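For reference, the structure discussed in these notes is given below.
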Amino acid sequence: MLVFVCRSHPEPTQTFHRRTAAAVAALGVPSTRLALRRARGGAAPDVGDATRYLADEGGSALAAFLRRPLRALALLVGAVTRARAGDKEGGRLGAAAAWRDGLALASWVRRRGDITRLHAQFAAWDATAARVAGALTGVPFSFEVHNPYTLVVGRGALAAKVRAADVVTAISAATRRRVVDLVPDAAGRVRVVRCGVDVAHPPAAGPGTPRFDVVAVGSLVPRKGHDVFVRALARVAASRPVRAAIVGEGPERARLEALVAATGAPVTLLGARSEAEAGALAAAARVAALACVVAPDGDEDGVPVALMEAMAAGVPVVSTAVGGVPELLDDGRAGLLVAAGDAAGLASAVGRLLDDPALADRVGAAGRAAVVARHDLATCARDLVRALGIGRAAAGP
C-alpha cells in the first residue's frame with residue numbers, strides 16, 4: 001500500500017494534496033493519506049475526506065526507538081545538526097519533533113505489514129518523518145518538492161533527504177533543475193510531476209457569488225506579492241472604475257490593510273474562504289492576478305494552484321516570472337507575465353485585459369487549454385504513480 005504522508009490536516013492551503021491522493025486511489029492503486037498531526041484551529045475536513053490521523057492509528061514512538069535505538073539516535077543527530085533556524089521544519093526543535101513523528105510512523109508501518117511506499121507530500125517535516133520511518137523499516141520513501149524556499153534555507157537537510165529517497169518529484173522543471181543542481185548525482189531519481197486540478201469540473205460562480213473585476217487568491221504572506229497587487233490596483237483605478245479583492249488570510253493582513261488605506265486602492269480583503277468559495281470568487285472575476293515575488297528571506301512560490309484553477313475556469317490571468325509560474329503560463333502565451341515586484345507592469349497588464357474583451361477571451365481560452373494539456377488531475381495522478389513505479393497501475397491506459 002502507498003501511504004501519502006502529510007504533516008498536519010486539514011490545512012486550507014493544501015487541498016490539492018488531498019485531491020491528488022483521491023485521484024491516485026481512483027486509479028485503483030491501494031493507497032491512503034496519513035496526517036502526522038491534527039492541524040491547529042479546528043478546521044473541519046472537507047466532505048468525503050478520507051485522510052487518516054497517526055494519533056488514531058496507535059503508532060508508538062517509544063516502541064520504534066527501543067527496537068533500533070542506535071539507528072534512531074543516528075537519525076536524530078543527522079536531522080538536528082542539519083536543521084537551520086527559519087527553515088520549514090521549525091529549526092532544531094522542529095526537526096526533533098519530525099523525527100519523533102517518524103518513529104511513531106515506523107511503529108505503525110511495522111504493525112500494518114502491508115505498506116510498500118511512504119510518499120511525503122512536502123520536502124520538510126513530512127519528508128523528515130517519512131525518511132526516519134523508511135530507514136527504520138526498510139520501506140522505500142519518496143517526497144515532493146514544491147516551494148523552492150526549502151532549497152534556500154534547508155539545503156543541507158534537503159540534500160540528505162534527496163540522497164536517501166529512491167524517487168523525488170518536483171512540481172516544475174524549474175524546481176527539478178534546482179534540486180539537481182543541489183545533488184547532481186540524483187538527477188536520474190528526480191522527476192517532474194505537475195500538480196493537477198479537476199479540469200472537467202472547474203470552479204464556477206454561483207448566483208450569490210460577489211463579483212469583482214480582479215481577484216487574487218493566496219495566503220497573506222510576503223511571497224504572494226499582495227502589496228504589489230494593492231499598489232497596482234491603485235494605478236488601475238486611476239483611469240477606470242474597478243473593484244478588486246484578495247482572498248486569503250495570514251500575517252500580512254495588518255500591513256496590507258494599512259497599504260490599502262494609504263493608497264486608496266479599491267481592494268477588499270475578504271479573508272479566508274473555503275475551497276469552493278475561493279474558486280467561485282476567482283471564476284466570477286474578469287481577471288485573476290497573483291503578483292508572486294521572492295520574499296526577503298528567499299521564500300517564493302512554486303506553481304500556485306489558485307492560478308491553475310482560475311485558468312481552468314477560463315479566467316484570464318496575470319502573474320510574474322517567479323518559480324514555475326512561467327511554465328504554467330507558457331512563457332506568456334497562456335496568461336500575461338510581468339516582472340516580479342513591478343506594480344506598474346502589473347497594472348498595465350490588468351488594464352489591458354479589462355479594456356480589451358477580445359484579448360481577455362483569447363488569454364482565458366489559451367490558459368484553459370494549457371491547464372487541460374498539462375495539469376489535468378487524473379493525468380497528473382497517473383504521472384505520479386508512474387514516477388513512483390507502482391505496479392501495473394504505473395503503466396496507465
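The way I read the labels, and the way they are meant: chains A, B, ... in the order of the C-alpha cells, residue 1 as the first residue of every chain, and ligand 1 as the first ligand shown, with later ones counted on from there.
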Write out as a ChimeraX atom specification all residues of stretch 156-261 of chain A that backbone DSSP assigns to strand (DSSP E or B). /A:167-170,190-192,197,214-217,244-247
Close residues, stretch 245-257 of chain A itself excluded, 6 Å, only C-alpha atoms, min 3 positions apart in chain, as a PyMOL selection string: chain A and resi 215-221+260+267-272
From the set A:Asp331, A:Arg235, A:Gly154, A:Glu275, which residue has the shortest atom-to-atom contact distance to A:Glu11, counting only C-alpha atoms? A:Glu275
Using only C-alpha atoms, find the one residue out of A:Leu359, A:Ala366, A:Ala349, A:Ala135 that sits nearest to A:Gly314. A:Ala366
Based on the backbone DSSP call, show me all residues of stretch 102-286 of chain A assigned alpha helix (DSSP H), as a VMD selection string. chain A and resid 102 to 112 125 to 137 149 to 153 155 to 164 173 to 182 226 to 237 253 to 263 275 to 283
With C-alpha atoms kept, could you save the residues just selected as an mmCIF file, in the first residue's frame?
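Heads up, here's the output in out-v7.cif:
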data_model
loop_
_atom_site.group_PDB
_atom_site.id
_atom_site.type_symbol
_atom_site.label_atom_id
_atom_site.label_comp_id
_atom_site.auth_asym_id
_atom_site.auth_seq_id
_atom_site.Cartn_x
_atom_site.Cartn_y
_atom_site.Cartn_z
ATOM 1 C CA GLY A 102 8.879 9.376 12.119
ATOM 2 C CA LEU A 103 9.355 6.923 14.971
ATOM 3 C CA ALA A 104 5.592 6.694 15.513
ATOM 4 C CA LEU A 105 5.121 6.288 11.767
ATOM 5 C CA ALA A 106 7.681 3.456 11.726
ATOM 6 C CA SER A 107 5.809 1.677 14.500
ATOM 7 C CA TRP A 108 2.558 1.937 12.555
ATOM 8 C CA VAL A 109 4.215 0.717 9.343
ATOM 9 C CA ARG A 110 5.577 -2.369 11.115
ATOM 10 C CA ARG A 111 2.249 -3.185 12.692
ATOM 11 C CA ARG A 112 0.419 -2.827 9.383
ATOM 12 C CA TRP A 125 8.715 17.994 8.149
ATOM 13 C CA ASP A 126 6.743 15.414 6.157
ATOM 14 C CA ALA A 127 9.841 14.147 4.360
ATOM 15 C CA THR A 128 11.931 14.005 7.543
ATOM 16 C CA ALA A 129 9.337 11.809 9.232
ATOM 17 C CA ALA A 130 8.979 9.584 6.167
ATOM 18 C CA ARG A 131 12.753 9.263 5.870
ATOM 19 C CA VAL A 132 13.073 8.207 9.522
ATOM 20 C CA ALA A 133 10.271 5.659 9.166
ATOM 21 C CA GLY A 134 11.742 4.326 5.941
ATOM 22 C CA ALA A 135 15.206 3.978 7.438
ATOM 23 C CA LEU A 136 13.849 2.076 10.450
ATOM 24 C CA THR A 137 11.556 -0.245 8.494
ATOM 25 C CA TYR A 149 12.374 28.025 -0.245
ATOM 26 C CA THR A 150 13.468 24.615 1.013
ATOM 27 C CA LEU A 151 16.462 24.981 -1.291
ATOM 28 C CA VAL A 152 17.369 28.352 0.196
ATOM 29 C CA VAL A 153 17.177 27.754 3.947
ATOM 30 C CA ARG A 155 19.938 22.999 1.743
ATOM 31 C CA GLY A 156 21.844 20.530 3.923
ATOM 32 C CA ALA A 157 18.703 18.839 5.222
ATOM 33 C CA LEU A 158 17.158 18.676 1.770
ATOM 34 C CA ALA A 159 20.302 17.239 0.198
ATOM 35 C CA ALA A 160 20.368 14.444 2.774
ATOM 36 C CA LYS A 161 16.734 13.585 2.061
ATOM 37 C CA VAL A 162 17.291 13.643 -1.699
ATOM 38 C CA ARG A 163 20.173 11.194 -1.294
ATOM 39 C CA ALA A 164 18.107 8.897 0.938
ATOM 40 C CA ALA A 173 11.054 21.781 -14.477
ATOM 41 C CA ALA A 174 12.468 24.859 -12.742
ATOM 42 C CA THR A 175 12.222 23.168 -9.352
ATOM 43 C CA ARG A 176 13.762 19.984 -10.715
ATOM 44 C CA ARG A 177 16.740 21.925 -12.048
ATOM 45 C CA ARG A 178 17.358 23.438 -8.635
ATOM 46 C CA VAL A 179 17.162 20.067 -6.876
ATOM 47 C CA VAL A 180 19.575 18.529 -9.384
ATOM 48 C CA ASP A 181 21.939 21.487 -9.008
ATOM 49 C CA LEU A 182 21.942 20.734 -5.271
ATOM 50 C CA HIS A 226 -0.165 41.189 -2.370
ATOM 51 C CA ASP A 227 1.440 44.543 -1.582
ATOM 52 C CA VAL A 228 2.407 44.814 -5.256
ATOM 53 C CA PHE A 229 -1.156 43.859 -6.186
ATOM 54 C CA VAL A 230 -2.564 46.640 -3.991
ATOM 55 C CA ARG A 231 -0.239 49.256 -5.484
ATOM 56 C CA ALA A 232 -1.050 48.031 -8.984
ATOM 57 C CA LEU A 233 -4.804 48.283 -8.412
ATOM 58 C CA ALA A 234 -4.397 51.815 -7.125
ATOM 59 C CA ARG A 235 -2.857 52.628 -10.536
ATOM 60 C CA VAL A 236 -5.593 50.773 -12.429
ATOM 61 C CA ALA A 237 -8.279 52.664 -10.528
ATOM 62 C CA ARG A 253 -3.158 41.392 6.952
ATOM 63 C CA ALA A 254 -2.423 44.475 9.075
ATOM 64 C CA ARG A 255 0.278 45.705 6.691
ATOM 65 C CA LEU A 256 -1.992 45.218 3.685
ATOM 66 C CA GLU A 257 -4.910 46.979 5.359
ATOM 67 C CA ALA A 258 -2.648 49.938 6.046
ATOM 68 C CA LEU A 259 -1.422 49.935 2.435
ATOM 69 C CA VAL A 260 -4.985 49.850 1.072
ATOM 70 C CA ALA A 261 -5.855 52.821 3.271
ATOM 71 C CA ALA A 262 -2.719 54.738 2.284
ATOM 72 C CA THR A 263 -3.076 54.209 -1.477
ATOM 73 C CA GLU A 275 -12.022 25.959 -1.371
ATOM 74 C CA ALA A 276 -15.362 26.238 -3.174
ATOM 75 C CA GLU A 277 -15.860 29.881 -2.220
ATOM 76 C CA ALA A 278 -12.351 30.898 -3.259
ATOM 77 C CA GLY A 279 -12.770 29.137 -6.590
ATOM 78 C CA ALA A 280 -16.148 30.743 -7.199
ATOM 79 C CA LEU A 281 -14.798 34.222 -6.470
ATOM 80 C CA ALA A 282 -11.980 33.729 -8.971
ATOM 81 C CA ALA A 283 -14.335 32.227 -11.558
#
